>>> print(open('coords08.cif').read())   # mmCIF, C-alpha atoms
data_run
loop_
_atom_site.group_PDB
_atom_site.id
_atom_site.type_symbol
_atom_site.label_atom_id
_atom_site.label_comp_id
_atom_site.auth_asym_id
_atom_site.auth_seq_id
_atom_site.Cartn_x
_atom_site.Cartn_y
_atom_site.Cartn_z
ATOM 1 C CA PRO A 1 -181.394 91.387 6.038
ATOM 2 C CA HIS A 2 -180.806 93.664 3.103
ATOM 3 C CA VAL A 3 -179.144 92.000 0.119
ATOM 4 C CA ARG A 4 -176.866 94.392 -1.671
ATOM 5 C CA GLU A 5 -176.943 94.128 -5.425
ATOM 6 C CA THR A 6 -173.735 94.518 -7.302
ATOM 7 C CA VAL A 7 -173.526 95.576 -10.876
ATOM 8 C CA SER A 8 -170.747 93.849 -12.695
ATOM 9 C CA ALA A 9 -168.957 95.834 -15.308
ATOM 10 C CA ARG A 10 -169.241 94.568 -18.844
ATOM 11 C CA ALA A 11 -166.300 92.383 -19.646
ATOM 12 C CA GLU A 12 -163.800 93.854 -22.050
ATOM 13 C CA PRO A 13 -163.808 92.080 -25.402
ATOM 14 C CA SER A 14 -160.942 89.610 -25.698
ATOM 15 C CA ARG A 15 -158.202 90.181 -28.247
ATOM 16 C CA VAL A 16 -159.786 87.438 -30.380
ATOM 17 C CA ASP A 17 -163.160 89.235 -30.207
ATOM 18 C CA GLN A 18 -161.530 92.526 -31.201
ATOM 19 C CA ILE A 19 -159.776 90.939 -34.176
ATOM 20 C CA ASP A 20 -162.889 88.998 -35.192
ATOM 21 C CA ALA A 21 -164.905 92.233 -35.116
ATOM 22 C CA LEU A 22 -162.586 93.696 -37.770
ATOM 23 C CA LEU A 23 -162.874 90.759 -40.158
ATOM 24 C CA PRO A 24 -165.559 90.867 -42.881
ATOM 25 C CA GLN A 25 -167.291 87.631 -41.779
ATOM 26 C CA THR A 26 -167.622 86.313 -45.318
ATOM 27 C CA GLN A 27 -166.476 82.907 -43.958
ATOM 28 C CA CYS A 28 -164.797 82.303 -47.337
ATOM 29 C CA ARG A 29 -161.833 80.284 -45.983
ATOM 30 C CA ARG A 30 -159.400 81.978 -48.377
ATOM 31 C CA CYS A 31 -157.189 82.734 -45.374
ATOM 32 C CA GLY A 32 -156.602 79.015 -44.918
ATOM 33 C CA TYR A 33 -158.812 78.734 -41.824
ATOM 34 C CA SER A 34 -162.341 77.336 -41.514
ATOM 35 C CA GLY A 35 -163.855 80.787 -41.001
ATOM 36 C CA CYS A 36 -163.261 84.275 -39.698
ATOM 37 C CA ARG A 37 -163.245 83.326 -36.000
ATOM 38 C CA PRO A 38 -160.554 80.613 -36.358
ATOM 39 C CA TYR A 39 -158.449 83.080 -38.370
ATOM 40 C CA ALA A 40 -158.896 85.688 -35.621
ATOM 41 C CA GLU A 41 -157.798 83.113 -33.046
ATOM 42 C CA ALA A 42 -154.685 82.320 -35.106
ATOM 43 C CA ILE A 43 -153.809 86.019 -35.442
ATOM 44 C CA ALA A 44 -154.264 86.542 -31.698
ATOM 45 C CA ALA A 45 -152.006 83.557 -30.976
ATOM 46 C CA GLY A 46 -149.337 84.889 -33.336
ATOM 47 C CA ALA A 47 -149.776 81.857 -35.601
ATOM 48 C CA ALA A 48 -151.053 83.795 -38.640
ATOM 49 C CA PRO A 49 -150.188 87.150 -40.210
ATOM 50 C CA ILE A 50 -152.761 89.907 -40.653
ATOM 51 C CA ASN A 51 -152.625 89.865 -44.462
ATOM 52 C CA ARG A 52 -154.528 86.695 -45.390
ATOM 53 C CA CYS A 53 -158.057 88.115 -45.906
ATOM 54 C CA PRO A 54 -158.837 89.112 -49.521
ATOM 55 C CA PRO A 55 -162.415 90.251 -48.732
ATOM 56 C CA GLY A 56 -161.053 92.581 -46.036
ATOM 57 C CA GLY A 57 -158.398 93.797 -48.450
ATOM 58 C CA ALA A 58 -155.989 96.636 -47.763
ATOM 59 C CA ALA A 59 -158.500 98.435 -45.533
ATOM 60 C CA GLY A 60 -158.867 95.339 -43.370
ATOM 61 C CA ILE A 61 -155.096 94.964 -43.074
ATOM 62 C CA THR A 62 -154.863 98.618 -42.015
ATOM 63 C CA ARG A 63 -157.519 98.116 -39.335
ATOM 64 C CA LEU A 64 -155.815 94.984 -37.997
ATOM 65 C CA ALA A 65 -152.383 96.640 -38.049
ATOM 66 C CA ARG A 66 -153.704 99.564 -35.997
ATOM 67 C CA LEU A 67 -155.405 97.296 -33.472
ATOM 68 C CA LEU A 68 -152.349 95.087 -33.037
ATOM 69 C CA ASP A 69 -149.767 97.871 -33.365
ATOM 70 C CA GLN A 70 -148.105 96.093 -36.274
ATOM 71 C CA PRO A 71 -146.790 97.443 -39.563
ATOM 72 C CA GLU A 72 -149.130 97.283 -42.545
ATOM 73 C CA ILE A 73 -148.156 94.642 -45.073
ATOM 74 C CA GLN A 74 -149.416 93.743 -48.521
ATOM 75 C CA LEU A 75 -152.190 91.191 -48.994
ATOM 76 C CA ASP A 76 -150.763 87.685 -49.327
ATOM 77 C CA PRO A 77 -151.312 86.821 -53.012
ATOM 78 C CA THR A 78 -151.525 83.094 -52.240
ATOM 79 C CA CYS A 79 -154.879 83.806 -50.551
ATOM 80 C CA GLY A 80 -156.362 85.589 -53.555
ATOM 81 C CA SER A 81 -156.711 89.193 -54.554
ATOM 82 C CA GLU A 82 -158.899 92.029 -53.391
ATOM 83 C CA ALA A 83 -161.973 92.403 -55.601
ATOM 84 C CA PRO A 84 -165.268 94.298 -55.677
ATOM 85 C CA ARG A 85 -168.176 92.799 -53.755
ATOM 86 C CA ALA A 86 -169.789 89.870 -55.503
ATOM 87 C CA VAL A 87 -172.755 87.573 -54.999
ATOM 88 C CA ALA A 88 -173.675 84.105 -56.165
ATOM 89 C CA ARG A 89 -176.437 83.594 -58.711
ATOM 90 C CA ILE A 90 -178.015 80.265 -59.615
ATOM 91 C CA GLU A 91 -179.008 79.756 -63.232
ATOM 92 C CA PRO A 92 -182.538 78.334 -62.782
ATOM 93 C CA GLU A 93 -182.678 76.380 -66.024
ATOM 94 C CA LEU A 94 -179.619 74.361 -64.964
ATOM 95 C CA CYS A 95 -180.357 73.787 -61.258
ATOM 96 C CA ILE A 96 -181.302 70.173 -60.448
ATOM 97 C CA GLY A 97 -182.154 70.779 -56.781
ATOM 98 C CA CYS A 98 -179.359 68.666 -55.317
ATOM 99 C CA THR A 99 -179.075 70.901 -52.176
ATOM 100 C CA LYS A 100 -175.265 70.712 -52.170
ATOM 101 C CA CYS A 101 -175.013 74.493 -52.458
ATOM 102 C CA ILE A 102 -177.389 74.943 -49.520
ATOM 103 C CA ARG A 103 -175.212 72.702 -47.351
ATOM 104 C CA ALA A 104 -172.070 74.606 -48.422
ATOM 105 C CA CYS A 105 -173.371 78.133 -47.749
ATOM 106 C CA PRO A 106 -171.928 79.338 -44.416
ATOM 107 C CA VAL A 107 -174.539 82.076 -43.929
ATOM 108 C CA ASP A 108 -177.784 80.426 -45.108
ATOM 109 C CA ALA A 109 -178.121 82.691 -48.138
ATOM 110 C CA ILE A 110 -179.407 79.929 -50.446
ATOM 111 C CA ILE A 111 -182.933 78.590 -50.252
ATOM 112 C CA GLY A 112 -184.656 75.706 -51.997
ATOM 113 C CA ALA A 113 -185.738 72.134 -51.507
ATOM 114 C CA SER A 114 -184.541 68.783 -52.735
ATOM 115 C CA LYS A 115 -185.304 68.307 -56.437
ATOM 116 C CA ARG A 116 -186.560 71.888 -56.663
ATOM 117 C CA MET A 117 -184.806 74.930 -58.025
ATOM 118 C CA HIS A 118 -182.692 76.873 -55.526
ATOM 119 C CA THR A 119 -182.095 80.587 -55.381
ATOM 120 C CA VAL A 120 -179.619 82.906 -53.698
ATOM 121 C CA ILE A 121 -180.886 85.703 -51.473
ATOM 122 C CA ALA A 122 -178.480 88.325 -52.801
ATOM 123 C CA GLU A 123 -178.864 90.599 -49.772
ATOM 124 C CA LEU A 124 -177.563 87.799 -47.524
ATOM 125 C CA CYS A 125 -174.839 86.428 -49.801
ATOM 126 C CA THR A 126 -171.271 87.229 -48.738
ATOM 127 C CA GLY A 127 -169.783 86.216 -52.085
ATOM 128 C CA CYS A 128 -167.665 83.542 -50.371
ATOM 129 C CA ASP A 129 -167.686 81.270 -53.436
ATOM 130 C CA LEU A 130 -168.053 78.110 -51.296
ATOM 131 C CA CYS A 131 -171.244 77.065 -53.101
ATOM 132 C CA VAL A 132 -169.562 76.812 -56.514
ATOM 133 C CA PRO A 133 -167.264 73.745 -56.132
ATOM 134 C CA PRO A 134 -169.913 71.293 -54.829
ATOM 135 C CA CYS A 135 -172.413 72.106 -57.598
ATOM 136 C CA PRO A 136 -172.464 69.050 -59.917
ATOM 137 C CA VAL A 137 -173.985 70.936 -62.861
ATOM 138 C CA ASP A 138 -172.043 74.226 -62.686
ATOM 139 C CA CYS A 139 -175.199 76.306 -62.406
ATOM 140 C CA ILE A 140 -173.751 78.840 -59.926
ATOM 141 C CA VAL A 141 -171.893 81.930 -61.027
ATOM 142 C CA ILE A 142 -170.256 84.563 -58.854
ATOM 143 C CA GLU A 143 -170.952 88.039 -60.201
ATOM 144 C CA PRO A 144 -169.806 91.472 -59.076
ATOM 145 C CA LEU A 145 -172.632 93.547 -57.666
ATOM 146 C CA ALA A 146 -174.100 96.126 -59.994
ATOM 147 C CA GLN A 147 -172.297 99.458 -59.634
ATOM 148 C CA SER A 148 -175.390 101.045 -58.073
ATOM 149 C CA ALA A 149 -175.582 98.322 -55.405
ATOM 150 C CA ALA A 150 -171.836 97.895 -54.844
ATOM 151 C CA GLU A 151 -171.506 99.719 -51.552
ATOM 152 C CA PRO A 152 -168.494 98.712 -49.469
ATOM 153 C CA TRP A 153 -168.973 95.830 -47.041
ATOM 154 C CA SER A 154 -169.764 97.527 -43.758
ATOM 155 C CA ASP A 155 -169.386 96.564 -40.102
ATOM 156 C CA ALA A 156 -173.187 96.136 -40.041
ATOM 157 C CA ASP A 157 -172.955 93.702 -42.973
ATOM 158 C CA ALA A 158 -170.214 91.785 -41.136
ATOM 159 C CA HIS A 159 -172.268 91.673 -37.933
ATOM 160 C CA ALA A 160 -175.320 90.358 -39.817
ATOM 161 C CA ALA A 161 -173.222 87.702 -41.602
ATOM 162 C CA ARG A 162 -171.615 86.641 -38.300
ATOM 163 C CA THR A 163 -175.064 86.332 -36.705
ATOM 164 C CA ARG A 164 -176.337 84.139 -39.573
ATOM 165 C CA HIS A 165 -173.163 82.023 -39.508
ATOM 166 C CA LEU A 166 -173.473 81.411 -35.752
ATOM 167 C CA ALA A 167 -177.204 80.643 -36.045
ATOM 168 C CA ARG A 168 -176.448 78.120 -38.791
ATOM 169 C CA ALA A 169 -173.727 76.478 -36.680
ATOM 170 C CA ARG A 170 -176.112 76.187 -33.710
ATOM 171 C CA ARG A 171 -178.843 74.728 -35.928
ATOM 172 C CA LEU A 172 -176.496 72.147 -37.452
ATOM 173 C CA GLU A 173 -175.270 71.171 -33.990
ATOM 174 C CA ARG A 174 -178.853 70.804 -32.721
ATOM 175 C CA VAL A 175 -179.817 68.693 -35.753
ATOM 176 C CA ALA A 176 -176.777 66.435 -35.222
ATOM 177 C CA VAL A 177 -177.620 65.944 -31.525
ATOM 178 C CA GLU A 178 -181.257 65.153 -32.358
ATOM 179 C CA ARG A 179 -180.159 62.676 -35.050
ATOM 180 C CA ASP A 180 -177.754 60.976 -32.630
ATOM 181 C CA GLU A 181 -180.495 60.745 -29.993
ATOM 182 C CA ARG A 182 -182.907 59.216 -32.531
ATOM 183 C CA LEU A 183 -180.317 56.655 -33.638
ATOM 184 C CA ALA A 184 -179.450 55.805 -30.039
ATOM 185 C CA GLY A 185 -183.179 55.379 -29.289
ATOM 186 C CA ARG A 186 -183.588 53.021 -32.232
ATOM 187 C CA ALA A 187 -180.554 51.019 -31.153
ATOM 188 C CA ARG A 188 -181.919 50.741 -27.602
ATOM 189 C CA ALA A 189 -185.316 49.629 -28.969
ATOM 190 C CA LYS A 190 -183.635 46.927 -31.085
ATOM 191 C CA LEU A 191 -181.582 45.722 -28.133
ATOM 192 C CA ASP A 192 -184.698 45.633 -25.924
ATOM 193 C CA ALA A 193 -186.533 43.655 -28.601
ATOM 194 C CA LEU A 194 -183.743 41.084 -28.664
#
>>> encode(input="coords08.cif", output="structure tokens")
Amino acid sequence: PHVRETVSARAEPSRVDQIDALLPQTQCRRCGYSGCRPYAEAIAAGAAPINRCPPGGAAGITRLARLLDQPEIQLDPTCGSEAPRAVARIEPELCIGCTKCIRACPVDAIIGASKRMHTVIAELCTGCDLCVPPCPVDCIVIEPLAQSAAEPWSDADAHAARTRHLARARRLERVAVERDERLAGRARAKLDAL
């Protein structure tokens, strides 16, 4: 018998996906949520207004207002203010290699090893500022991009940052599962030995 193949149409993006696609994906948490996706979910649920994203600024509010057929409103000043693109820079003579900045970076833009100097890959940095508070020696500064390099944050930049953020989340989840399995294996071995 002949099996008929059916081609399923691509699913329409959900409202959350549409909102998330308009956010800058800096994962800065200035909106009060743990990242861009949770903020998009809150907007879609009607639990958050569209004006809580300083990196998206007025242009981001306009895009969200059009998508959601809402009036444009001013950026909520309690979340911060709109500013030119910035990146983190680590002052090498002060870095002690504690790795706290690496753990804080939501897009894996900082590289280094324990007790070795770290550095920021400027092309990957979203300027989220999350690496600054955990640094015990204040060796991280957030600087505006040079005028020649200060192109607006694009949808391609947001897509790349989202991809890195999701890859990091998957890696951290995998590492946690592997650690739990190792600990459970050790516990079983101790119980068997008893």
>>> resolve_selection(input="coords08.cif", expression="the PyMOL selection byres ((chain A and resi 25-33) around 10)", output="PyMOL selection string")
chain A and resi 20-24+34-42+48-56+76+78-81+105-107+125-130+153+155+157-165
>>> closest_residue(input="coords08.cif", among="A:Val87, A:Val132, A:Leu191, A:Met117", to="Ala104 (chain A)", atoms="only C-alpha atoms")
A:Val132
>>> closest_residue(input="coords08.cif", among="A:Pro136, A:Gln18, A:Ala122, A:Asp180", to="Arg85 (chain A)", atoms="all atoms listed in the file")
A:Ala122
>>> residues_around(input="coords08.cif", residues="Pro92 (chain A)", least_positions_apart="3", cutoff="9 Å", atoms="all atoms listed in the file", output="VMD selection string")
chain A and resid 95 to 96 117 to 119 139
>>> closest_residue(input="coords08.cif", among="A:Asp108, A:Gly57, A:Ala113, A:Gly185", to="Pro77 (chain A)", atoms="only C-alpha atoms")
A:Gly57
>>> resolve_selection(input="coords08.cif", expression="the PyMOL selection byres ((chain A and resi 143) around 6)", output="list of chain:residue names")
A:Ala86, A:Val87, A:Ile142, A:Pro144
>>> atom_distance(input="coords08.cif", atom1="CA of Leu68 (chain A)", atom2="CA of Ser154 (chain A)")
20.6 Å
>>> atom_distance(input="coords08.cif", atom1="CA of Val175 (chain A)", atom2="CA of Arg103 (chain A)")
13.1 Å
>>> residues_around(input="coords08.cif", residues="Pro71 (chain A)", least_positions_apart="5", cutoff="9 Å", atoms="only C-alpha atoms", output="MDAnalysis selection string")
chainID A and resid 62 65:66
